[in-house]
file final.csv (CSV, C-alpha atoms)
chain,number,residue,atom,x,y,z
A,17,MET,CA,0.0,0.0,0.0
A,18,THR,CA,1.4,3.4,-1.0
A,19,SER,CA,0.7,7.0,-0.5
A,20,SER,CA,1.7,10.1,-2.4
A,21,PRO,CA,4.7,12.1,-1.1
A,22,GLY,CA,2.5,15.1,-0.3
A,23,LEU,CA,0.2,13.0,1.8
A,24,ARG,CA,3.2,11.3,3.4
A,25,ARG,CA,4.6,14.7,4.4
A,26,SER,CA,1.2,15.5,5.9
A,27,GLY,CA,1.4,12.6,8.2
A,28,PHE,CA,-1.3,10.9,6.2
A,29,ALA,CA,0.1,7.4,6.1
A,30,GLY,CA,1.3,5.2,8.9
A,31,PRO,CA,1.3,1.8,10.5
A,32,TYR,CA,-2.2,0.3,11.1
A,33,ARG,CA,-3.3,-0.2,14.6
A,34,GLY,CA,-6.8,-1.4,15.6
A,35,ARG,CA,-9.2,-3.2,13.3
A,36,LEU,CA,-12.8,-3.1,12.4
A,37,THR,CA,-14.5,-6.4,12.2
A,38,GLY,CA,-14.4,-7.9,8.7
A,39,VAL,CA,-13.2,-6.5,5.4
A,40,ASP,CA,-15.4,-4.0,3.5
A,41,ASP,CA,-15.8,-2.9,-0.1
A,42,VAL,CA,-15.2,0.7,-0.9
A,43,TRP,CA,-17.6,3.1,0.9
A,44,ASP,CA,-18.6,6.3,-0.9
A,45,LEU,CA,-18.2,8.2,2.4
A,46,VAL,CA,-16.8,7.3,5.8
A,47,ILE,CA,-17.5,9.8,8.6
A,48,VAL,CA,-15.6,9.8,11.8
A,49,GLY,CA,-17.6,11.2,14.7
A,50,GLY,CA,-21.4,11.1,15.3
A,51,GLY,CA,-22.0,14.5,16.7
A,52,PRO,CA,-23.9,17.2,14.8
A,53,ALA,CA,-21.2,17.7,12.1
A,54,GLY,CA,-20.9,14.0,11.4
A,55,SER,CA,-24.6,13.3,11.4
A,56,ALA,CA,-25.3,16.3,9.2
A,57,ALA,CA,-22.7,15.0,6.7
A,58,ALA,CA,-24.3,11.6,6.7
A,59,LEU,CA,-27.9,12.9,6.4
A,60,ARG,CA,-27.0,15.3,3.5
A,61,ALA,CA,-25.1,12.7,1.6
A,62,LYS,CA,-28.0,10.2,1.7
A,63,GLN,CA,-30.5,13.0,1.1
A,64,LEU,CA,-28.7,13.9,-2.2
A,65,ARG,CA,-27.8,10.4,-3.2
A,66,PRO,CA,-29.9,7.8,-1.5
A,67,ALA,CA,-27.9,4.9,-3.0
A,68,ALA,CA,-24.6,6.2,-1.6
A,69,ARG,CA,-22.8,3.9,0.8
A,70,VAL,CA,-22.2,5.9,4.0
A,71,LEU,CA,-20.5,4.6,7.1
A,72,LEU,CA,-20.6,6.6,10.4
A,73,LEU,CA,-18.0,5.7,13.0
A,74,ASP,CA,-18.0,6.9,16.6
A,75,ARG,CA,-16.0,5.7,19.6
A,76,ALA,CA,-19.1,5.8,21.8
A,77,ASP,CA,-22.5,4.3,21.7
A,78,PHE,CA,-25.5,6.6,21.6
A,79,PRO,CA,-27.0,8.2,23.6
A,80,ARG,CA,-23.9,9.7,25.2
A,81,ASP,CA,-23.2,13.0,27.0
A,82,LYS,CA,-21.1,15.7,25.5
A,83,ALA,CA,-20.0,18.8,27.5
A,84,CYS,CA,-21.7,21.8,25.7
A,85,GLY,CA,-24.0,24.7,26.3
A,86,ASP,CA,-26.8,22.7,24.6
A,87,GLY,CA,-28.1,25.8,22.8
A,88,VAL,CA,-29.7,25.3,19.4
A,89,ALA,CA,-30.3,28.7,17.8
A,90,ALA,CA,-32.9,29.4,15.2
A,91,HIS,CA,-30.1,29.3,12.6
A,92,GLY,CA,-29.4,25.7,13.6
A,93,ARG,CA,-33.1,24.8,13.2
A,94,ASP,CA,-32.8,26.2,9.6
A,95,GLU,CA,-30.1,23.6,9.0
A,96,LEU,CA,-32.2,20.8,10.5
A,97,ALA,CA,-34.9,21.7,8.0
A,98,LEU,CA,-32.4,21.7,5.1
A,99,LEU,CA,-31.4,18.2,6.2
A,100,GLY,CA,-35.0,17.0,6.1
A,101,VAL,CA,-35.5,16.7,9.9
A,102,PRO,CA,-37.3,20.0,10.7
A,103,ASP,CA,-39.2,18.5,13.7
A,104,LEU,CA,-36.2,16.9,15.4
A,105,ILE,CA,-36.4,19.1,18.5
A,106,ALA,CA,-40.0,20.4,18.2
A,107,ASP,CA,-41.0,18.8,21.5
A,108,TYR,CA,-38.5,21.1,23.4
A,109,ARG,CA,-39.9,24.5,24.6
A,110,PRO,CA,-38.5,27.5,22.8
A,111,THR,CA,-36.8,30.2,24.8
A,112,ARG,CA,-37.6,33.7,23.5
A,113,ARG,CA,-35.7,36.0,25.8
A,114,LEU,CA,-32.0,36.7,26.3
A,115,GLU,CA,-30.3,38.7,29.0
A,116,VAL,CA,-26.6,39.7,28.8
A,117,VAL,CA,-24.5,41.6,31.4
A,118,SER,CA,-21.3,43.0,30.1
A,119,PRO,CA,-17.9,43.0,31.9
A,120,GLY,CA,-18.5,46.6,33.1
A,121,GLY,CA,-22.1,46.0,34.1
A,122,ALA,CA,-24.0,47.2,31.0
A,123,ARG,CA,-27.2,45.1,30.7
A,124,VAL,CA,-29.6,44.2,28.0
A,125,ARG,CA,-32.7,42.0,28.2
A,126,ALA,CA,-34.8,41.6,25.1
A,127,THR,CA,-36.9,39.2,23.0
A,128,VAL,CA,-35.1,37.5,20.2
A,129,VAL,CA,-36.6,37.7,16.7
A,130,ARG,CA,-36.7,33.9,16.5
A,131,PRO,CA,-36.6,31.7,19.6
A,132,ASN,CA,-33.8,29.4,20.5
A,133,HIS,CA,-33.9,26.0,22.0
A,134,VAL,CA,-31.9,24.2,24.7
A,135,VAL,CA,-31.6,20.5,24.1
A,136,PRO,CA,-29.2,18.3,26.0
A,137,ARG,CA,-26.6,16.7,23.7
A,138,THR,CA,-27.5,13.3,25.1
A,139,VAL,CA,-30.8,13.8,23.3
A,140,PHE,CA,-29.8,15.9,20.4
A,141,ASP,CA,-26.9,13.9,19.1
A,142,ALA,CA,-28.7,10.5,19.6
A,143,ARG,CA,-31.7,11.8,17.6
A,144,LEU,CA,-29.4,12.9,14.7
A,145,VAL,CA,-27.7,9.5,14.6
A,146,ASP,CA,-31.0,7.8,14.7
A,147,ALA,CA,-32.2,9.9,11.8
A,148,ALA,CA,-29.1,9.1,9.8
A,149,ARG,CA,-29.5,5.4,10.5
A,150,ALA,CA,-33.2,5.6,9.4
A,151,ARG,CA,-32.0,7.1,6.1
A,152,GLY,CA,-29.8,4.1,5.4
A,153,VAL,CA,-26.4,5.2,7.0
A,154,GLU,CA,-24.6,2.3,8.7
A,155,VAL,CA,-23.5,3.3,12.2
A,156,ARG,CA,-20.7,1.4,14.0
A,157,ARG,CA,-18.8,1.9,17.2
A,158,HIS,CA,-15.1,2.2,16.5
A,159,ARG,CA,-12.2,4.3,17.6
A,160,VAL,CA,-10.1,5.3,14.5
A,161,ARG,CA,-6.4,5.1,14.9
A,162,ALA,CA,-4.8,5.2,11.5
A,163,LEU,CA,-5.4,6.4,7.9
A,164,ALA,CA,-3.5,5.8,4.7
A,165,ALA,CA,-3.9,6.8,1.1
A,166,HIS,CA,-4.2,4.0,-1.5
A,167,GLY,CA,-4.8,5.0,-5.1
A,168,GLY,CA,-7.9,7.2,-5.1
A,169,HIS,CA,-9.1,5.9,-1.7
A,170,ILE,CA,-8.5,6.5,2.0
A,171,VAL,CA,-8.1,3.3,4.0
A,172,VAL,CA,-9.2,3.5,7.7
A,173,ASP,CA,-7.4,1.2,10.1
A,174,GLY,CA,-6.3,-1.1,7.4
A,175,ASN,CA,-9.5,-2.6,6.1
A,176,VAL,CA,-12.2,0.0,5.4
A,177,ALA,CA,-11.7,1.9,2.2
A,178,ALA,CA,-13.5,5.2,1.4
A,179,ARG,CA,-13.6,7.5,-1.5
A,180,THR,CA,-14.0,10.4,0.9
A,181,VAL,CA,-13.6,10.8,4.7
A,182,VAL,CA,-15.2,13.5,6.8
A,183,ALA,CA,-13.5,14.1,10.1
A,184,ALA,CA,-16.1,15.3,12.6
A,185,ASP,CA,-14.3,13.8,15.7
A,186,GLY,CA,-14.2,17.0,17.8
A,187,ALA,CA,-11.8,19.4,19.3
A,188,ASN,CA,-9.2,16.7,19.9
A,189,SER,CA,-9.6,15.2,16.4
A,190,THR,CA,-7.5,12.1,15.8
A,191,VAL,CA,-8.1,12.4,12.1
A,192,ARG,CA,-6.9,16.0,12.0
A,193,ARG,CA,-3.7,14.9,13.6
A,194,LEU,CA,-3.3,12.0,11.2
A,195,ILE,CA,-3.5,14.2,8.2
A,196,GLY,CA,-0.9,16.6,9.6
A,197,ILE,CA,-3.0,19.6,10.4
A,198,PRO,CA,-2.1,21.1,13.8
A,199,ALA,CA,-4.6,21.8,16.6
A,200,SER,CA,-5.7,25.3,17.3
A,201,PRO,CA,-3.0,27.2,19.2
A,202,ALA,CA,-3.6,28.1,22.9
A,203,ARG,CA,-4.4,31.7,22.0
A,204,HIS,CA,-7.4,30.5,19.9
A,205,THR,CA,-8.6,27.9,22.5
A,206,ALA,CA,-11.1,28.4,25.3
A,207,ILE,CA,-11.9,26.0,28.1
A,208,ALA,CA,-15.3,25.8,29.8
A,209,VAL,CA,-17.0,23.8,32.5
A,210,ARG,CA,-20.6,22.7,32.1
A,211,GLY,CA,-23.2,21.4,34.5
A,212,TYR,CA,-26.9,21.4,35.3
A,213,ALA,CA,-28.9,23.3,37.9
A,214,ASP,CA,-32.5,23.4,39.1
A,215,VAL,CA,-34.5,26.5,38.0
A,216,PRO,CA,-38.2,27.4,38.1
A,217,ALA,CA,-40.1,25.5,35.4
A,218,ASP,CA,-41.3,28.8,33.9
A,219,ASP,CA,-37.8,30.2,33.5
A,220,ASP,CA,-37.4,31.0,29.8
A,221,VAL,CA,-34.6,33.5,29.8
A,222,GLN,CA,-31.2,32.6,28.5
A,223,PHE,CA,-28.7,34.5,30.7
A,224,ILE,CA,-25.1,35.4,30.1
A,225,ALA,CA,-22.9,37.1,32.8
A,226,MET,CA,-19.6,38.3,31.6
A,227,GLN,CA,-16.6,38.8,34.0
A,228,LYS,CA,-13.9,41.5,33.7
A,229,ASP,CA,-11.4,39.5,35.7
A,230,GLY,CA,-9.5,37.3,33.1
A,231,TRP,CA,-11.6,38.7,30.3
A,232,PRO,CA,-12.8,37.3,27.9
A,233,ALA,CA,-14.8,35.1,30.4
A,234,TYR,CA,-18.4,34.6,31.1
A,235,ALA,CA,-21.0,32.3,32.8
A,236,TRP,CA,-24.3,31.2,31.4
A,237,SER,CA,-27.6,29.7,32.3
A,238,PHE,CA,-29.7,28.2,29.6
A,239,PRO,CA,-33.1,26.8,30.8
A,240,ILE,CA,-34.2,23.6,29.1
A,241,GLY,CA,-37.8,23.9,30.0
A,242,ASP,CA,-38.1,20.9,32.3
A,243,GLY,CA,-37.1,22.7,35.6
A,244,THR,CA,-33.4,22.4,34.8
A,245,ALA,CA,-30.9,24.6,33.1
A,246,ASN,CA,-27.5,24.1,31.4
A,247,VAL,CA,-25.0,26.2,33.4
A,248,GLY,CA,-21.3,26.8,32.9
A,249,PHE,CA,-18.4,29.1,32.8
A,250,GLY,CA,-15.7,29.6,30.1
A,251,MET,CA,-12.5,31.6,29.5
A,252,LEU,CA,-9.5,31.6,27.2
A,253,LEU,CA,-6.9,28.9,28.0
A,254,PRO,CA,-4.0,31.4,28.3
A,255,ARG,CA,-6.0,33.5,30.8
A,256,LEU,CA,-6.7,30.3,32.9
A,257,HIS,CA,-3.0,29.4,32.9
A,258,ALA,CA,-2.1,33.0,33.9
A,259,THR,CA,-4.0,32.6,37.2
A,260,GLY,CA,-1.4,30.0,38.3
A,261,LEU,CA,-4.2,28.1,40.0
A,262,PRO,CA,-5.6,24.6,39.3
A,263,GLY,CA,-8.1,24.8,36.4
A,264,ARG,CA,-10.9,23.1,38.4
A,265,GLU,CA,-10.5,25.6,41.2
A,266,VAL,CA,-10.8,28.6,38.8
A,267,LEU,CA,-13.6,27.3,36.6
A,268,HIS,CA,-15.8,25.9,39.3
A,269,GLY,CA,-15.1,28.8,41.6
A,270,ARG,CA,-16.0,31.5,39.1
A,271,LEU,CA,-19.1,29.7,38.0
A,272,ALA,CA,-20.3,29.7,41.6
A,273,GLU,CA,-19.3,33.3,42.0
A,274,LEU,CA,-21.3,34.5,38.9
A,275,LEU,CA,-24.3,32.2,39.4
A,276,PRO,CA,-24.4,31.8,43.2
A,277,HIS,CA,-28.2,31.0,43.1
A,278,LEU,CA,-27.6,28.0,40.8
A,279,PRO,CA,-25.5,25.3,42.4
A,280,ALA,CA,-24.3,23.1,39.6
A,281,ARG,CA,-24.0,19.3,39.4
A,282,ASP,CA,-22.5,17.0,36.8
A,283,LEU,CA,-19.7,19.4,36.0
A,284,ARG,CA,-17.5,18.5,33.0
A,285,ALA,CA,-14.8,20.5,31.3
A,286,HIS,CA,-14.2,20.8,27.5
A,287,HIS,CA,-12.0,22.7,25.1
A,288,LEU,CA,-13.3,25.0,22.4
A,289,PRO,CA,-11.1,25.5,19.4
A,290,LEU,CA,-12.1,29.1,18.4
A,291,SER,CA,-12.2,30.0,14.7
A,292,PRO,CA,-9.3,32.2,13.7
A,293,GLY,CA,-11.3,33.4,10.7
A,294,ARG,CA,-9.7,31.2,8.0
A,295,PRO,CA,-9.8,27.6,9.3
A,296,ARG,CA,-8.2,24.8,7.2
A,297,PRO,CA,-10.9,22.6,5.8
A,298,GLY,CA,-8.8,19.4,5.3
A,299,ALA,CA,-6.2,17.7,3.1
A,300,GLY,CA,-6.4,15.3,0.2
A,301,ARG,CA,-9.6,13.4,0.3
A,302,VAL,CA,-10.3,14.2,3.9
A,303,MET,CA,-12.6,17.1,5.0
A,304,LEU,CA,-12.7,18.6,8.5
A,305,ALA,CA,-16.0,19.7,9.9
A,306,GLY,CA,-17.3,21.2,13.2
A,307,ASP,CA,-14.9,21.4,16.1
A,308,ALA,CA,-12.4,19.3,14.2
A,309,ALA,CA,-12.0,22.2,11.8
A,310,GLY,CA,-11.8,24.8,14.6
A,311,LEU,CA,-15.3,26.0,13.7
A,312,VAL,CA,-16.4,27.6,17.0
A,313,ASN,CA,-17.6,31.2,17.2
A,314,PRO,CA,-14.8,33.2,19.0
A,315,LEU,CA,-17.3,35.7,20.4
A,316,THR,CA,-19.8,33.2,22.0
A,317,GLY,CA,-18.3,29.7,21.9
A,318,GLU,CA,-21.3,28.6,19.8
A,319,GLY,CA,-20.5,25.6,17.7
A,320,ILE,CA,-23.6,23.6,16.9
A,321,TYR,CA,-24.7,25.8,14.0
A,322,TYR,CA,-21.2,25.8,12.5
A,323,ALA,CA,-21.2,22.0,12.9
A,324,LEU,CA,-24.5,21.5,11.1
A,325,VAL,CA,-23.5,23.9,8.3
A,326,SER,CA,-20.0,22.5,7.8
A,327,GLY,CA,-21.2,18.9,8.0
A,328,ARG,CA,-24.0,19.5,5.5
A,329,LEU,CA,-21.5,21.1,3.1
A,330,ALA,CA,-19.0,18.3,3.5
A,331,GLY,CA,-21.7,15.7,2.8
A,332,GLU,CA,-22.7,17.6,-0.3
A,333,ALA,CA,-19.1,17.8,-1.6
A,334,ALA,CA,-18.6,14.1,-0.9
A,335,VAL,CA,-21.4,13.0,-3.3
A,336,GLN,CA,-21.6,15.9,-5.7
A,337,ALA,CA,-17.8,16.3,-6.3
A,338,ALA,CA,-16.7,12.8,-5.5
A,339,GLY,CA,-13.7,13.0,-7.8
A,340,ASP,CA,-12.1,15.9,-5.8
A,341,PRO,CA,-14.3,16.9,-2.9
A,342,LEU,CA,-12.0,19.2,-0.9
A,343,PRO,CA,-12.0,22.2,-3.4
A,344,ALA,CA,-15.8,22.0,-3.7
A,345,TYR,CA,-16.1,21.9,0.1
A,346,ARG,CA,-13.6,24.8,0.6
A,347,HIS,CA,-15.5,26.9,-1.9
A,348,ALA,CA,-18.9,26.1,-0.3
A,349,LEU,CA,-17.6,26.8,3.2
A,350,ARG,CA,-16.1,30.1,2.1
A,351,LYS,CA,-19.4,31.1,0.4
A,352,ALA,CA,-21.5,30.2,3.4
A,353,LEU,CA,-19.3,31.4,6.3
A,354,GLY,CA,-16.4,33.3,4.8
A,355,ARG,CA,-17.5,36.9,5.4
A,356,HIS,CA,-19.0,35.9,8.8
A,357,LEU,CA,-15.8,34.3,10.0
A,358,ARG,CA,-13.8,37.3,9.0
A,359,THR,CA,-16.3,39.5,10.8
A,360,THR,CA,-16.0,37.4,14.0
A,361,ASP,CA,-12.3,37.3,13.8
A,362,VAL,CA,-12.1,41.2,13.7
A,363,LEU,CA,-14.7,41.5,16.4
A,364,ALA,CA,-12.9,39.0,18.6
A,365,ARG,CA,-9.8,41.1,18.4
A,366,ALA,CA,-11.7,44.2,19.4
A,367,ALA,CA,-13.5,42.3,22.1
A,368,GLN,CA,-10.1,41.8,23.9
A,369,SER,CA,-11.0,45.2,25.3
A,370,PRO,CA,-13.9,44.7,27.8
A,371,GLY,CA,-14.8,48.3,27.0
A,372,PHE,CA,-15.7,47.3,23.5
A,373,ILE,CA,-18.2,44.7,24.8
A,374,ASP,CA,-19.6,47.3,27.3
A,375,ALA,CA,-20.2,49.6,24.4
A,376,ALA,CA,-21.8,46.9,22.3
A,377,ILE,CA,-24.1,45.7,25.1
A,378,GLY,CA,-24.9,49.3,26.0
A,379,THR,CA,-25.9,50.1,22.5
A,380,ALA,CA,-28.0,46.9,22.2
A,381,GLY,CA,-29.9,48.0,25.3
A,382,ARG,CA,-31.0,51.1,23.5
A,383,ARG,CA,-31.4,49.9,19.9
A,384,GLN,CA,-33.3,46.6,19.1
A,385,GLU,CA,-31.5,46.3,15.7
A,386,VAL,CA,-28.1,46.2,17.4
A,387,PHE,CA,-29.4,43.5,19.8
A,388,ASP,CA,-30.7,41.5,16.8
A,389,LEU,CA,-27.4,41.9,15.1
A,390,LEU,CA,-25.4,40.7,18.1
A,391,VAL,CA,-27.6,37.6,18.2
A,392,ASP,CA,-27.2,37.0,14.5
A,393,VAL,CA,-23.4,37.4,14.6
A,394,GLY,CA,-23.0,35.4,17.9
A,395,LEU,CA,-25.4,32.5,17.0
A,396,GLY,CA,-25.6,32.4,13.2
A,397,ALA,CA,-23.7,33.7,10.2
A,398,GLY,CA,-24.4,37.4,10.6
A,399,THR,CA,-22.0,40.3,9.5
A,400,VAL,CA,-21.9,43.9,10.7
A,401,PRO,CA,-23.4,46.7,8.6
A,402,LEU,CA,-21.1,49.7,8.6
A,403,ARG,CA,-23.7,52.0,10.2
A,404,LEU,CA,-24.2,49.7,13.2
A,405,GLY,CA,-20.5,49.2,13.5
A,406,TRP,CA,-20.0,52.9,13.7
A,407,ALA,CA,-22.8,53.2,16.4
A,408,VAL,CA,-20.9,50.7,18.6
A,409,LEU,CA,-17.5,52.3,17.9
A,410,GLY,CA,-18.9,55.8,18.7
A,411,ARG,CA,-20.3,54.6,22.1
A,412,TRP,CA,-16.9,52.9,22.8
A,413,ILE,CA,-15.1,56.1,22.2
A,414,LEU,CA,-17.6,58.1,24.2
A,415,ASN,CA,-17.3,55.7,27.2
A,416,GLY,CA,-13.5,56.1,27.1
A,417,VAL,CA,-13.8,59.9,27.1
A,418,ARG,CA,-16.2,59.8,30.1
A,419,ARG,CA,-13.9,57.5,32.0
A,420,GLY,CA,-11.0,59.8,31.2
call {"tool": "encode", "arguments": {"input": "final.csv", "output": "structure tokens"}}
result
Amino acid sequence: MTSSPGLRRSGFAGPYRGRLTGVDDVWDLVIVGGGPAGSAAALRAKQLRPAARVLLLDRADFPRDKACGDGVAAHGRDELALLGVPDLIADYRPTRRLEVVSPGGARVRATVVRPNHVVPRTVFDARLVDAARARGVEVRRHRVRALAAHGGHIVVDGNVAARTVVAADGANSTVRRLIGIPASPARHTAIAVRGYADVPADDDVQFIAMQKDGWPAYAWSFPIGDGTANVGFGMLLPRLHATGLPGREVLHGRLAELLPHLPARDLRAHHLPLSPGRPRPGAGRVMLAGDAAGLVNPLTGEGIYYALVSGRLAGEAAVQAAGDPLPAYRHALRKALGRHLRTTDVLARAAQSPGFIDAAIGTAGRRQEVFDLLVDVGLGAGTVPLRLGWAVLGRWILNGVRRG
């Protein structure tokens, strides 16, 4: 078995370790990771080409938990509709109000244009996998350990050949490492701790409390609708290291400090590879999607919408441009998210100053269109019109003058 020099230089070939049971014929698409990105790729591929042979591999059985904020914004529901599963989370109560407190204490509380949902990943991911299985996708439990190029195919762990591979195996993606693409650097990585807390059954306000100490940093409470809420706290990894304290002590302590009325249980930590604006989408016949591609909003940490979009586009490329899917995927990703990712990259740099966020939240408290814009940029694929950007910039300058 051979591989091209370019793929070999990318760390794309290596010794085989681990085996799937049996020997398979060539699959049209093998997807590694059964989260939203992987399931979206599988659903889209079968939606466009029902006869396609699609194999979905995940190291865990479903349902399984995944540390996350559990928020599914309206933009994510749009993606579910495109994938042909519009009612996947229809039994979960919509949350229509959002309250945000800035690092300096500016506050906005308003009704979102379209409601969001909060669905535990234990439920959300399992439903997506079940939908993919119902559409004819084969789902197996397996931990991928090796890839190699062989002719026009990718061979997974020595005995599963695929025309295309989609890597949707998360922030610590094994496939990304195997194809030689480095993980997000620490400066583009956040760490968060997530748990659950009891709330009044009628609580329907998603709440975000930002903290100036160690900024960017914030806590959240996202009510599910069943008397519990997803609660957590996150900050940039370098800021955590700068405290010189154990991570557990900092993360758990600040969550309790910012949400003292919501004692959390089942706390789990997870890394968030924040988008640098121009993520690398893959190599050769392997496409990266979701967290594996570093597709996490650097302003909010939101990743489910990006996962669904990128997974859908990867699935499309796999069946519509089977001869050379990566260029088609790159183009589609750039068209769908390019301007937005550049916008969030610029805003994330400006947001290193807590005063900028104070100005943005302060302006949103007075102008509904700014509030709507922040939601669209933070939870969807929005960009910033020049006039609204100047409104925030003007308030930022004015606040600085007043403080001076």
call {"tool": "closest_residue", "arguments": {"input": "final.csv", "among": "A:Pro254, A:Gly298, A:Gly51, A:Pro289", "to": "Ile197 (chain A)", "atoms": "all atoms listed in the file"}}
result
A:Gly298
call {"tool": "closest_residue", "arguments": {"input": "final.csv", "among": "A:Trp43, A:Tyr108, A:Phe387, A:Phe140", "to": "Pro79 (chain A)", "atoms": "only C-alpha atoms"}}
result
A:Phe140
call {"tool": "closest_residue", "arguments": {"input": "final.csv", "among": "A:Glu154, A:Asp103, A:Asp214, A:Asp220", "to": "Pro279 (chain A)", "atoms": "all atoms listed in the file"}}
result
A:Asp214
call {"tool": "residues_around", "arguments": {"input": "final.csv", "residues": "Leu275 (chain A)", "least_positions_apart": "3", "cutoff": "9 Å", "atoms": "all atoms listed in the file", "output": "NGL selection string"}}
result
:A and (225 or 235-237 or 247-248 or 270-272 or 278-279)
call {"tool": "closest_residue", "arguments": {"input": "final.csv", "among": "A:Gly168, A:Gly378, A:Gly306, A:Pro262", "to": "Leu329 (chain A)", "atoms": "all atoms listed in the file"}}
result
A:Gly306
call {"tool": "closest_atom_pairs", "arguments": {"input": "final.csv", "of": "region 101-176 of chain A", "to": "region 187-194 of chain A", "cutoff": "12 Å", "atoms": "only C-alpha atoms", "output": "tab-separated table"}}
result
residue	atom	partner	partner_atom	distance
A:Arg159	CA	A:Thr190	CA	9.3
A:Val160	CA	A:Thr190	CA	7.4
A:Arg161	CA	A:Thr190	CA	7.1
A:Ala162	CA	A:Leu194	CA	7.0
A:Leu163	CA	A:Leu194	CA	6.8
A:Ala164	CA	A:Leu194	CA	9.0
A:Ala165	CA	A:Leu194	CA	11.4
A:Ile170	CA	A:Val191	CA	11.7
A:Val172	CA	A:Val191	CA	10.0
A:Asp173	CA	A:Val191	CA	11.4
call {"tool": "atom_distance", "arguments": {"input": "final.csv", "atom1": "CA of Thr111 (chain A)", "atom2": "CA of Ala89 (chain A)"}}
result
9.7 Å
call {"tool": "residues_around", "arguments": {"input": "final.csv", "residues": "region 95-99 of chain A", "least_positions_apart": "2", "cutoff": "7 Å", "atoms": "only C-alpha atoms", "output": "ChimeraX atom specification"}}
result
/A:59-60,91-93,101-102,324-325
call {"tool": "closest_residue", "arguments": {"input": "final.csv", "among": "A:Val48, A:Ala147, A:Ala334, A:Ala183", "to": "Arg65 (chain A)", "atoms": "only C-alpha atoms"}}
result
A:Ala334
call {"tool": "atom_distance", "arguments": {"input": "final.csv", "atom1": "CA of Val302 (chain A)", "atom2": "CA of Asp44 (chain A)"}}
result
12.4 Å
call {"tool": "residues_around", "arguments": {"input": "final.csv", "residues": "Leu389 (chain A)", "least_positions_apart": "3", "cutoff": "12 Å", "atoms": "only C-alpha atoms", "output": "ChimeraX atom specification"}}
result
/A:128-129,376-377,379-380,383-386,392-405,408
call {"tool": "closest_residue", "arguments": {"input": "final.csv", "among": "A:Leu342, A:Pro292, A:Val135, A:Val181", "to": "Thr244 (chain A)", "atoms": "only C-alpha atoms"}}
result
A:Val135
call {"tool": "atom_distance", "arguments": {"input": "final.csv", "atom1": "CA of Thr259 (chain A)", "atom2": "CA of Asp229 (chain A)"}}
result
10.2 Å
call {"tool": "residues_around", "arguments": {"input": "final.csv", "residues": "Ala142 (chain A)", "least_positions_apart": "5", "cutoff": "12 Å", "atoms": "all atoms listed in the file", "output": "ChimeraX atom specification"}}
result
/A:50-52,54-55,74,76-82,104-105,135-137,147-149,155
